[in-house]
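Everything below concerns the one structure shown next.
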Amino acid sequence: MEFVAAPARLSTTDARFEHDFAQRLHWSADTDAAIEQRVADILADVQKRGDAAVLEYTARFDGLSAESMGALELTQAELKAAFDSLPVAEREALESAARRVRSYHEAQKKANGESWSYRDEDGTLLGQKVTPLDRVGIYVPGGKAAYPSSVLMNAIPAQVAGVGDIIMVVPTPQGAKNPLVLAAAYVAGVHRAFTIGGAQAVAALAYGTATIPKVDKITGPGNAYVASAKKRVFGMVGIDMIAGPSEILVLADGTTPPEWVAMDLFSQAEHDELAQSILLCPDAAYIDAVQREIDRLLPEMPRKAIIAKSLSDRGALILTKDIEEACAISNRIAPEHLEVSSRDPHKWEPLLKHAGAIFLGAYTSESLGDYCAGPNHVLPTSGTARFSSPLGVYDFQKRSSLIEVSEAGAQILGKTAAVLAYGEGLQGHARAAEMRLK
Ligand SMILES: NC(=O)c1ccc[n+]([C@@H]2O[C@H](COP(=O)([O-])OP(=O)(O)OC[C@H]3O[C@@H](n4cnc5c(N)ncnc54)[C@H](O)[C@@H]3O)[C@@H](O)[C@H]2O)c1
Ligand SMILES: N[C@H](CO)Cc1c[nH]c[nH+]1
Ligand SMILES: [Zn+2]
């Protein structure tokens with residue numbers, strides 16, 4: 001079967017640009033509503049029937065039947081055995097990636113993940129106490145591909161933060177366990193792991209079942225079902241962000257070999273038919289060259305069916321007036337990954353405000369960030385990079401304010417508080433402050 005990848009060709013000088021651009025960014029309302037309804041039903045069912053419902057959905061959606069939830073738990077011995085069984089090259093790659101991800105997150109913790117305090121002149125102490133979460137659920141996707149890298153990206157920052165209990169869920173279609181995923185769980189120090197996925201796994205972690213412990217927060221990426229389920233359980237548990245189908249935006253000045261850019265667009269399109277790959281460039285001839293490379297390279301891609309659908313349904317090659325305009329459009333999209341494929345990336349970087357991760361220069365392929373550069377690959381999608389950040393140590397911590405008022409401090413603060421409390425009509429507050437005045 002022949003596949004065709006035909007991303008939309010748009011130009012900002014075209015009168016229809018705003019309309020066509022909005023169409024590309026928009027999710028199909030029908031797809032959205034169908035997913036939302038199905039997810040709502042699954043969540044309600046798991047809340048009501050617990051393990052029995054999770055077992056049923058796991059059989060239906062992942063083709064994995066089991067007698068009991070206990071049978072879907074991976075033991076620590078199994079995780080270690082998977083690690084021991086890996087070929088040396090895979091073991092070393094896993095350990096090397098884990099080391100880099102750990103170093104990055106340790107630096108992040110040092111920079112903004114420690115408790116702090118200061119004292120006023122009268123001895124009053126003010127500060128913030130940072131504590132790790134007790135128990136988190138990490139979602140590792142596994143429907144259309146296996147993601148050992150996502151095990152590292154979730155579990156390592158949780159470990160660095162000091163989370164007591166890390167529960168991993170990972171769908172395992174047809175029960176085929178991926179040894180790299182199991183080995184990554186061993187390397188990253190996951191405490192318990194279950195081979196379940198989708199909305200049913202998110203529900204099990206959020207509500208708790210007889211077998212799956214209820215967690216305080218759920219992190220990790222996933223498809224549209226997972227993203228919708230996380231959104232719906234927020235409030236019952238914490239969530240990190242909306243990390244849905246992958247996205248890449250390449251902002252090119254036309255100096256990078258076009259086949260590099262074509263393959264970078266493929267790299268995110270191959271995740272999911274709903275993934276989105278966009279090129280912004282002021283050079284029409286270069287855009288033509290990238291399309292030629294897309295046509296040339298597609299037939300050799302094992303996941304060409306997914307790539308072709310993703311690029312044709314959601315992809316775009318956009319001609320801009322200049323790079324400044326490309327930066328402005330990129331800010332409107334707020335992509336998960338933004339590659340600045342230019343000879344002069346530092347000239348443009350100050351103009352870029354909204355993106356999950358920014359990759360500077362032609363040698364920084366997004367895929368290096370996916371696996372081993374060090375920063376987290378769990379990133380906000382669908383424009384949520386306007387207000388969300390990459391997964392980090394801070395997602396596995398919380399903060400409590402610390403206040404210790406000295407006797408001298410109480411004399412000053414007590415008067416201020418009492419005036420404001422009387423102003424609010426709250427006598428109890430005012431008098432509690434006044435009783436401490438000399
Ligand atoms: N944003 C990020 O940081 C990031 C990182 C890695 C991966 N991703 C994305 O994660 C996603 C992984 O998707 P995936 O599908 O491979 O794995 P997944 O684990 O997210 O989803 C698989 C699960 O989806 C559920 N599902 C599938 N079809 C369903 C249906 N018709 N009805 C109900 N439930 C259904 C099943 O329960 C199945 O277990 C991709 O979209 C990828 O782009 C994002
Ligand atoms: N690009 C994904 C985040 O959108 C992460 C990933 C894992 N493996 C390959 N890619
Ligand atoms: Zn990727």
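Every chain in the structure tokens takes a letter, A first, then B, and so on in the order presented; its residues are numbered from 1, and the ligands are numbered from 1 following the presented order.
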Write out as a PyMOL selection string all residues of segment 18-124 of chain A that backbone DSSP assigns to alpha helix (DSSP H). chain A and resi 18-25+29-49+51-62+76-85+88-112
Can you tell me which residues come within 10 Å of ligand 2 when counting only C-alpha atoms and all ligand atoms, ideally as an MDAnalysis selection string? chainID A and resid 140:141 145:151 153 221:222 243:248 267:272 275 336:337 356 366:371 376:381
Compare A:Phe396, A:Ala224, A:Pro7, A:Gly428 by their minimum atom-to-atom distance to Ser277 of chain A, counting only C-alpha atoms, and give me the closest one.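 Going through A:Phe396, A:Ala224, A:Pro7, A:Gly428 one by one, the smallest distance to Ser277 of chain A is for A:Pro7.
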Out of A:Ala161, A:Leu413, A:Leu94, A:Met168, which residue has the shortest atom-to-atom distance to Glu73 of chain A when counting only C-alpha atoms? A:Met168
Counting only C-alpha atoms and all ligand atoms, which residue out of A:Leu280, A:Met263, A:Glu424, A:Cys327 sits closest to ligand 3? A:Met263
Tell me which protein, DNA and RNA residues are within 8 Å of segment 56-66 of chain A, counting only C-alpha atoms, leaving out same-chain ones fewer than 4 positions away, and put them as an MDAnalysis selection string. chainID A and resid 52 71:72 143 171:175 196:197 200
